[in-house]
Every structure is written in C-alpha cells, then in structure tokens.
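Down below is the structure, laid out as structure tokens.
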Amino acid sequence: MSATILVVEDEPAIQELISYNLELAGHRTLRAENAEQALEMVHSALPDLVVLDWMLPGMSGIEFARRLRADKRTRSMPLIMLTARADEQDKLAGLEVGADDYLTKPFSPRELNARVKAVLRRRAPEATDDTVEIAGLTLDPGSHRVLGNQIPLTPGPTEFRLLHFLMTHADRVYSRTQLLDQVWGDHVFVEERTVDVHIRRLRKALEPTGHDRLIQTVRGAGYRCSATA
C-alpha cells in the first residue's frame with residue numbers, strides 16, 4: 001500500500017531525484033517548488049507525508065511547517081525536513097517546529113526511504129505494507145488479504161481500507177467525521193452515515209470467523225477496533 005508523499009523542494013534536480021526514488025519504493029509523489037504552492041496542494045487533498053526543504057523561495061520551510069502544525073486539519077501530518085545546515089541548533093529548530101525527522105544534505109536515497117518508512121510506521125501505519133494482526137484476524141496490505149483464524153475473508157475495497165485503518169490504530173475511538181477524513185479522504189464529500197453503512201458491511205464480512213466482535217460501537221463517540229470489550 002503506497003503512501004502519497006508531497007515533496008516540497010525548489011531545486012529541480014533534487015526534487016526529481018527524491019521523487020524518483022520514492023516512486024521506485026512504491027509511493028505516489030506530488031511536487032511543489034515553494035511553500036505557497038504546497039499549501040494549495042495540501043488544501044486540495046491531504047498527503048500521507050511531507051518531505052520539506054528548509055530553504056525555499058518566499059515562505060521558508062520552517063514557516064510552512066509552523067502553519068501545518070497550527071492548523072487542526074494538518075497538525076498530525078508526518079513531516080521530514082531536508083536541509084544543507086548541519087548545525088545542531090538548526091536541527092533542534094526543525095524538530096521544535098514539529099518535524100518528525102531531519103535529513104542533512106547530501107543524503108542517500110536509501111537513507112531517505114528508510115526515514116520515510118520509519119516515520120510512516122510511527123505516525124501513519126495505515127500507509128505502510130506491514131501486516132497487522134489482532135486476536136487471530138490478520139490483514140496483509142501487500143497481498144490485499146484478510147484472514148480470520150487462517151480462513152480467508154472477503155471485505156470490499158472500502159471495508160478493507162476501513163479495517164486497515166482501525167486495526168493500525170487499535171483501541172482508539174474515531175468519530176464518523178474522523179473516519180471519513182482518514183479512509184475516504186478529507187476532500188471527498190459524503191454523508192457521515194455512510195460510515196455506518198460500511199461498518200455494517202465490514203462486520204458482515206468478518207462474521208464467518210466471529211471477528212465482527214472486534215469492530216465496536218462506542219455510543220456517542222464513534223467506532224474502534226479492539227480485542228477487549
């Protein structure tokens with residue numbers, strides 16, 4: 001399962017190198033040459049992660065990061081900063097503004113891909129290909145398979161994404177609005193009750209092995225995936 005990664009870099013050769021290697025690793029990239037263009041792209045649709053150059057024309061990468069962290073909609077968006085500055089104070093400034101990681105130029109494509117994978121695993125596990133398992137229910141994003149006690153189950157595409165998100169954020173309660181943003185995308189306009197329909201379909205798909213019990217309704221709050229009542 002590839003992540004959508006926004007690359008904000010004003011040097012064309014570096015932007016191309018970063019994007020090319022991320023795409024080789026299976027990700028989809030969006031490209032922006034400055035922070036203003038990047039803000040417009042983020043406004044249209046949220047990426048799974050941002051790779052951001054510190055030194056940009058116009059608005060700096062630091063100011064762009066501050067804006068992301070100040071906005072409730074983008075506050076938790078994973079962010080990796082790139083810079084030619086090796087000074088410790090600069091690194092601390094990047095981390096203090098909310099960057100999840102910091103890479104000093106020059107860096108190898110292998111190192112970048114490793115950092116991206118680590119940040120996604122920590123901050124957006126639903127964007128990785130890692131297999132997840134809860135109480136005998138196993139979901140493999142790479143092969144798009146769901147097994148309940150080793151028995152194949154067949155949730156639909158939307159139910160698969162919904163299950164993947166809930167399993168990678170086990171025991172946390174999500175409202176309908178939050179699930180719409182995370183699973184359907186915040187740029188897709190559908191009614192909140194749509195979530196209820198897909199939750200019912202997901203439970204039906206999990207019924208044969210009794211794993212429908214993992215998808216729990218929390219009255220007045222939303223839904224969660226948990227092995228405990």
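Residues in the structure tokens are numbered from 1 in each chain, the chains being A, B, ... in the order shown, and ligands are numbered from 1 in the order shown.
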
*Tell me, as a VMD selection string, which residues lie within 9 Å of A:Leu56, counting only C-alpha atoms; anything in the same chain fewer than 4 positions away does not count.*
chain A and resid 8 to 10 33 to 35 60 to 61

*For A:Gln150, please output as number ranges by chain all residues within 10 Å (counting only C-alpha atoms; exclusion window: fewer than 6 positions along the same chain).*
A: 136-138, 209

*Just the helix (DSSP H, G or I) stuff from stretch 42-150 of chain A, please, per backbone DSSP, written as an NGL selection string.*
:A and (42-44 or 61-70 or 88-96 or 109-123 or 125-127)

*Between A:Leu162, A:Ala13, A:Leu24, A:Ala170, single out the one closest to A:Val197, counting only C-alpha atoms.*
A:Leu162

_Option closest in space to A:Phe107, from A:Asp48, A:Leu82, A:Thr158, A:Gln182 [counting only C-alpha atoms]_ = A:Leu82

*What lies within 6 Å of stretch 114-130 of chain A using only C-alpha atoms, ignoring chain neighbours under 3 positions off, as an MDAnalysis selection string?*
chainID A and resid 1 3 111 141:142 165 168

*Residues within 12 Å of A:Leu202, only C-alpha atoms, excluding chain neighbours under 5 positions, as a list in words*: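 Counting only C-alpha atoms, the residues come to Val146, Leu153, Thr154, Pro155, Gly156, Pro157, Thr158, Glu159, Phe160, Arg161, Leu162, Leu163, His164, Leu166, Val195, Asp196, Val197, Glu207, Pro208, Gly210, His211, Asp212, Arg213, Leu214, Ile215, Gln216 and Cys225 of chain A.
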